[in-house]
Every structure is written in C-alpha cells, then in structure tokens.
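Read through the structure below, which is laid out as structure tokens, and then see the notes.
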Amino acid sequence: MPDPASSDGLTLKGLSKRFGSFEAVTDVCLDVRRGEFLTLLGPSGSGKTSLLMMIAGFLDPSDGDIALDGQSIIRLPAEKRNFGMVFQGYALFPHMSVWQNIAYPLEVRKQPRAQIQSRVQEMLDLVQLTEFSDRLPRQLSGGQQQRVALARALSFNPQILLLDEPLGALDKKLRTDVQEQLKDLHRRVGATFIYVTHDQEEALSMSDRVVIMNHGKVVQVGAPNDLYERPETVFAANFLGKSNFLRGSVTAANGQTLSCVVAGADVHHRCNGAAPGVGELVTLALRPEKIDVAPLGDAPLSNGLQGTVSSLTYYGSNFTVTTEVAGFGSVTAEVGAWRNPHRFETGQTVDLSWQEDATVLVSEGTES
Amino acid sequence: MRLNNYWLLVAPLLLLVMALYAWPVINILWLSVTEPQAGLQNYEKLFASSSLARILWTTLRVCLLTTFGAVLAGYLVAYMMAHLASGERSWMLTFVLVSFWVSVLVRAFAWLTLLGRNGLLNGALISSGLTDEPITFVRNELGVLIGMIHYMIPYAVLPLLANMQGLDGRVMSASRSLGAGPLVTFRRIYLPLTMPGIFAASILVFVISLGFYVTPAILGGGRVLMAAEYISVQVLVTLQWGTASMLATLMLGGVLALMFTLSRFMKLSEVFGAKA
C-alpha cells in the first residue's frame, strides 16, 4: 500500500519541459496537499504558466510524472483530468449566455436536465450573477466575466481548480475585492486551488503556501510569512517584498550571534541555524521596514550604519527613505508617516539601525 | 456621418463607376421590360418556357452543390492552415493563391486531360484493373462540379481562414478543461464560432458561381446549360436581348434578395471581415 501521506493530493515528480534547447521548466518536485491554496509565483518567463499547463494537460512534460492520489495522470488528456481551470482573459464561450457557459461542463457530462438546472442556479448564487444569467459574456464587465469563469470551472465540482493570472485584467481596486472573494470561495468549496501570478501581494494575501519560481526552477516553497521572514536566497528576498543586502566577511562568531564588517561598521546578526565560520563572506537581507531611521545621534550605533538621505517618497501610509551609505551604496528604509516624530530632508545624515534578529542570512544563488 | 472634403477626392472615381457600371446595369434592367416591346412579356416566358425553368434549376443546383463542396473543402484547408506554424502557413497560402493566377480556361482544359475518356485517371484505373470501361468524369454535371469546386476553393479558404485566425485558442482549451473531448469541442464551440466565416464563404462562392461561364461550357460538354452561357447565346446567337436582360435582371435581383435576407440575421460588414 502506498504511503498515504504522499499519495493524497497532487504530486509532481521531477517535472521538466524543454522547447528545443530552451528549458522552460527544470526538475520540479512538489506535493500539493488536498484543499490547500497554493500559489506559483515568479517573474514572466519563470516557467510558472508552463508548469500549470502541464498540470492541466495542455502541455506534455519532457520528463517526470504527475500523480493524483498516487495514480499517474500523465497519459490522461485534459478533458479526462477533471480539473477546473480559469484562463488568463477568462476564455468564456462568446456565443453562449452566462447560464449556458456554466451549464456546459454539466451538459458534456450528460447530467440529467433537472440536476443541471439546480446546479447552475447554485453556482449563479455563489458568484452573485443570477440576474445576469441570460447575458452574453461581452455584455458583462471584466469582474463579472471573471466570476462566470470561476462558476463555470467550479460547476462540476473539480477536486482541483487551476487559475492562470485570473486577476491580471482587473484594475487595482477591484483586484483587492476579488482577492477577498477568491479566498472566501476557496474556504466554501474546499477544492485545491493552484494559482499562478507574478503579483507578490496576491501571493502573500491569499495563499496557504507559495512556490517561488525563477528560470524554470523552484527557488523556495513555504507559507507566506515563512517566505517573507526567512527567505533563503537573494532572489526570494528581493522578489517577495523588497530587501537591502549587506555583504561582508565574518569577524567574530559568538554562539548564535555573528559579527561582520559592512562599510566599516560592525553589524551583528543572530543566526537561526548553523553559524558560518570566521572569515567567511556572508550576505544579510534586511527588510526596509525593519530599519529605524533617526537624526544623527551622539552615541555610536550598536548595530547600524550612517547614511545621507538621497530621496524621500511618500506613499500615504508610509515614507520610503533612500540613503547613501559611504563606501557601501544605497540603503532603503521604510518609516510610518503617521505621527512620525522626525522630519527628514534630502542631504541630511541619519542613523540607520536595526535589531540583531532583523537580518536574514541568504545565499547568493547565481541562478535562483 | 458629415459630408466632408474627402468626398472631393473620391468624387471622380464615383462618377466613373456611375458612368461605366451603374448606367449599363440600369440599361439592362430597362431592356428587360422594353425589348422587343414594352411590357412584362419577357418575364412571362419564365412560366411559359420549360427550357428556361430547366436552365434556372440547373444553375441553382450546380451553384448550391459547388458552394457546399467548395466550402467543405475550403474549411478543411483553412482549418489546417489556421493550426500550422506561421512559416508553414504562408507557404500554404502561397499555394492557395497560385491557383488564383492560373486562368480559368487553362484549368478547365487541364481537368479535361486529367479526367477525360483517355485521360490520366481513366488510364490509371483501367490499367490497374479497377474498371474495364472508362468512367465519364467530364462532359457532364460531375465534370462541371469538379471544375467549379476546384476554382472556388480559394474563395472559400480566405474568409474562413480570417475567421479561424481571429478565434482565441484558449476558448477551445477551456472547453477541453471542462470535460469536452475534441469532437464535442468542435461541434459545440469551434463550429458555431466559425459560422460567420462559413456564411461569408458560402455567399461569396454562391454569388461568383452564378456567373460561371467558361467552366460549364468546357467541362459540361454542352450538356449542362447554365444561366450565364444561355444569356451569352441569347445575346450573341439568337439576338433575343430581351430574354437575356430578363435573366440577368433576375440573377441580380436574386443575389440582392439573398444579401438582404442575410443582412436581417447578421452584419454583412462583419461577415466580410470589415470591422466598423
């Protein structure tokens, strides 16, 4: 009997896709747990859509296997996989009404008429489009079309729903609303959602787990806050949110706390795992919002740098302060705008300081 | 639409078309009620003469069969082209267009040499023992149909190809992901979405077929008399211009009525690929 832990849900084993000499997806191994909201996040060309198309059955993998509950589905054509899919641009049937679009997967499954009637009504209620059931797709707004696509893809109760950048065509305000609706829908229908996006905010706010991809490879997998707080590579730290990178060689290691020299200043870092030895070159990622910015003080900083403000950008809820640190380069910090006791001006020299556990040790990762 | 100065640029051309095209057409219409004397006696012949009725029926039958055959074959060609890589597609398009440039006369005689009693095909069939007697492919309605369908295929391919290339492939993928196999996807999604192309191709092929003259004359061997050939005989041989212009008027009216009926159901400008 196969191990139940590994056979439940969707398993990708060493999945690769080559187009001629170009490797779009390289050796992806992934377990997708039943019922989870998993996001494939990466820049364009990172292979996330190719990976989704292989799961959907529209692209034949060059290598590897895809298994559902322990059974290989690699030979099954798309229509036999029973995965719902929401396409980029929705791909609604333009010659069919909203009702007919949603009924289509039920009709091709030859379900009885009465059952189709009640199921379509149920789906229309779910996405709140009952009064639009006779409209054609082109008579609907983008957000409504997106909901029809969701209702259509969910009407036959698929175990897995694949979503290919479904919010790409919506404006920013609507996108936030739809993110909420999608999360709510995921909770209610209980299907596995595999979601492709290049938008890190979407990935952070909706997912149970995020898979960061780059150049066809999986860079890191984890829960959103794990990935944000403990990125393993420079790419992950920079793609999911923003980071400053402090590079220097280790001068002292004292238990879990190590010190290194960055731009002539001592910087301390508390490690989670094994500490590197003295003399090793390390890269520390530092989130902008974890830096305290203060006017130049008298006391020397215990853990920080001094920089000159080169630009200030106002974002309503916060400021971005970009500073130039002599002998190092630019460091970006984020400070709250509301009741901030300090006013900064460009050209001003400021203290930048942070806690010892604010930095994260990351690997450079030439490719990923 | 406001009348603007650009009309001045078009005006000379417009006048030329009026003088050289619209005026003769009106003349023909006029002749049909004035030759040999004023009245509707030319139109009465339609009901009186059984040969006229037969010619019209032959024309209609041949044109409908040609439309069916050419659109069917053109659909297959266009479908293949729409799903080829763009490099291969332009090659195929070249081959389709090359047949445009070969004269209709040359093509009709080419079919004669291929399909005649002593033609290549019959020679091959007899020598391979599949048949003892040569099959009469030409000098009958079958020959006319073969020649006309062959000629009309490019006219069917072009509107169909434009239609198919305008489709979003993701819609077909969506159908597959929703559980429909290739056949159901074709019948319920692809075919309805290519209906405008089918209509455009059918109208184009049918209207052009109505005026076919050379192909039926050569490949029909005098047995398949269609309206265009009959009109030419009336004009050049029997000099019954009244009958000829009556038939011409009838065909023009038929085409216009067809267009009018279709325009009630769909936008003709969209069917022919012009987007407003």
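By order in the structure tokens, chains are A, B, ...; within a chain, residues start at 1; ligands start at 1, following the order shown.
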
Residues of chain B near chain A: apply a cut-off of 9 Å, count only C-alpha atoms, and supply the list as JSON, numbers by chain. {"B": [168, 169, 170, 171, 172, 173, 174, 175, 176, 177, 178, 179, 180, 181, 182, 184, 189, 192, 193]}

Show me, as a VMD selection string, the residues that have an atom within 8 Å of Val127 in chain A when counting only C-alpha atoms, minus same-chain residues fewer than 4 positions from it. chain A and resid 123 147 to 148 151

Neighbours of Gly123 in chain B within 12 Å (only C-alpha atoms; same-chain residues fewer than 4 positions away dropped), as an MDAnalysis selection string? chainID B and resid 113:119 127:135

Of the candidates B:Thr67, B:Asn140, B:Ser245, B:Gln165, which shows the shortest atom-to-atom distance to Ala217 in chain B, using only C-alpha atoms? B:Asn140

Need the shell around Phe100 in chain B: protein/DNA/RNA residues with any atom at most 10 Å away, counting only C-alpha atoms. Skip same-chain ones fewer than 6 positions apart. Format as a ChimeraX atom specification? /B:94,151-155

Can you tell me how far CA of Val25 in chain A sits from CA of Lys48 in chain A, in Å to one decimal? 8.0 Å

Could you please write out, as JSON, numbers by chain, every residue of range 25-251 of chain A that DSSP assigns to strand (DSSP E)? {"A": [25, 26, 27, 28, 29, 30, 31, 32, 37, 38, 39, 40, 41, 63, 64, 65, 66, 67, 68, 71, 72, 83, 84, 85, 86, 160, 161, 162, 163, 164, 192, 193, 194, 195, 196, 197, 209, 210, 211, 212, 213, 214, 217, 218, 219, 220, 221, 222, 244, 245, 246, 247, 248, 249, 250, 251]}

Can you pull out every residue within 7 Å of Ala70 in chain B, counting only C-alpha atoms, but drop anything in the same chain fewer than 2 positions away, and send it as a PyMOL selection string? chain B and resi 66-68+72-74+149+152-153+156

Save the residues we just selected, C-alpha atoms, as a PDB file, in the first residue's frame?
ATOM      1  CA  THR B  66     -20.494  23.942 -55.774  1.00  0.00           C
ATOM      2  CA  THR B  67     -20.995  26.109 -52.703  1.00  0.00           C
ATOM      3  CA  PHE B  68     -21.368  23.050 -50.497  1.00  0.00           C
ATOM      4  CA  LEU B  72     -16.453  21.981 -47.169  1.00  0.00           C
ATOM      5  CA  ALA B  73     -13.060  21.547 -48.855  1.00  0.00           C
ATOM      6  CA  GLY B  74     -12.101  25.130 -48.058  1.00  0.00           C
ATOM      7  CA  ILE B 149     -15.432  23.473 -56.854  1.00  0.00           C
ATOM      8  CA  MET B 152     -13.893  28.240 -55.933  1.00  0.00           C
ATOM      9  CA  ILE B 153     -11.875  26.686 -53.086  1.00  0.00           C
ATOM     10  CA  ALA B 156     -13.858  29.787 -49.584  1.00  0.00           C
TER      11      ALA B 156
END

Spatial neighbours of Gly273 in chain A, max dist 12 Å, only C-alpha atoms, sep filter under 6 positions, as a VMD selection string: chain A and resid 230 232 255 to 258 360 to 362

Please provide the set of residues having any atom within 12 Å of range 208-212 of chain B, restricted to only C-alpha atoms, with same-chain residues fewer than 2 positions apart removed, written as a ChimeraX atom specification. /B:55-70,104-105,108,144-145,147-153,155-156,201-206,214-220,224-232,247-248,250-252,254-255

As a list in words, which residues of range 34-83 of chain A does DSSP assign to alpha helix (DSSP H)? Lys48, Thr49, Ser50, Leu51, Leu52, Met53, Met54, Ile55, Ala56, Ala78, Glu79, Lys80 and Arg81 of chain A

Atoms to include: C-alpha atoms. Write the selected residues as a PDB file, in the first residue's frame.
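Below you can see part12.pdb, which holds the result:
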ATOM      1  CA  LYS A  48       5.062  29.015 -13.770  1.00  0.00           C
ATOM      2  CA  THR A  49       2.485  29.024 -16.587  1.00  0.00           C
ATOM      3  CA  SER A  50       4.210  26.112 -18.369  1.00  0.00           C
ATOM      4  CA  LEU A  51       4.051  24.189 -15.100  1.00  0.00           C
ATOM      5  CA  LEU A  52       0.320  24.945 -14.769  1.00  0.00           C
ATOM      6  CA  MET A  53      -0.313  23.894 -18.382  1.00  0.00           C
ATOM      7  CA  MET A  54       1.403  20.568 -17.719  1.00  0.00           C
ATOM      8  CA  ILE A  55      -0.798  20.008 -14.666  1.00  0.00           C
ATOM      9  CA  ALA A  56      -3.889  20.929 -16.741  1.00  0.00           C
ATOM     10  CA  ALA A  78      -7.075  17.498 -20.356  1.00  0.00           C
ATOM     11  CA  GLU A  79     -10.786  16.615 -20.589  1.00  0.00           C
ATOM     12  CA  LYS A  80     -10.332  13.440 -18.513  1.00  0.00           C
ATOM     13  CA  ARG A  81      -8.398  15.085 -15.685  1.00  0.00           C
TER      14      ARG A  81
END

Option closest in space to Leu12 in chain A, from A:Ala103, A:Phe245, A:Pro61, A:Leu41 [counting only C-alpha atoms]: A:Pro61
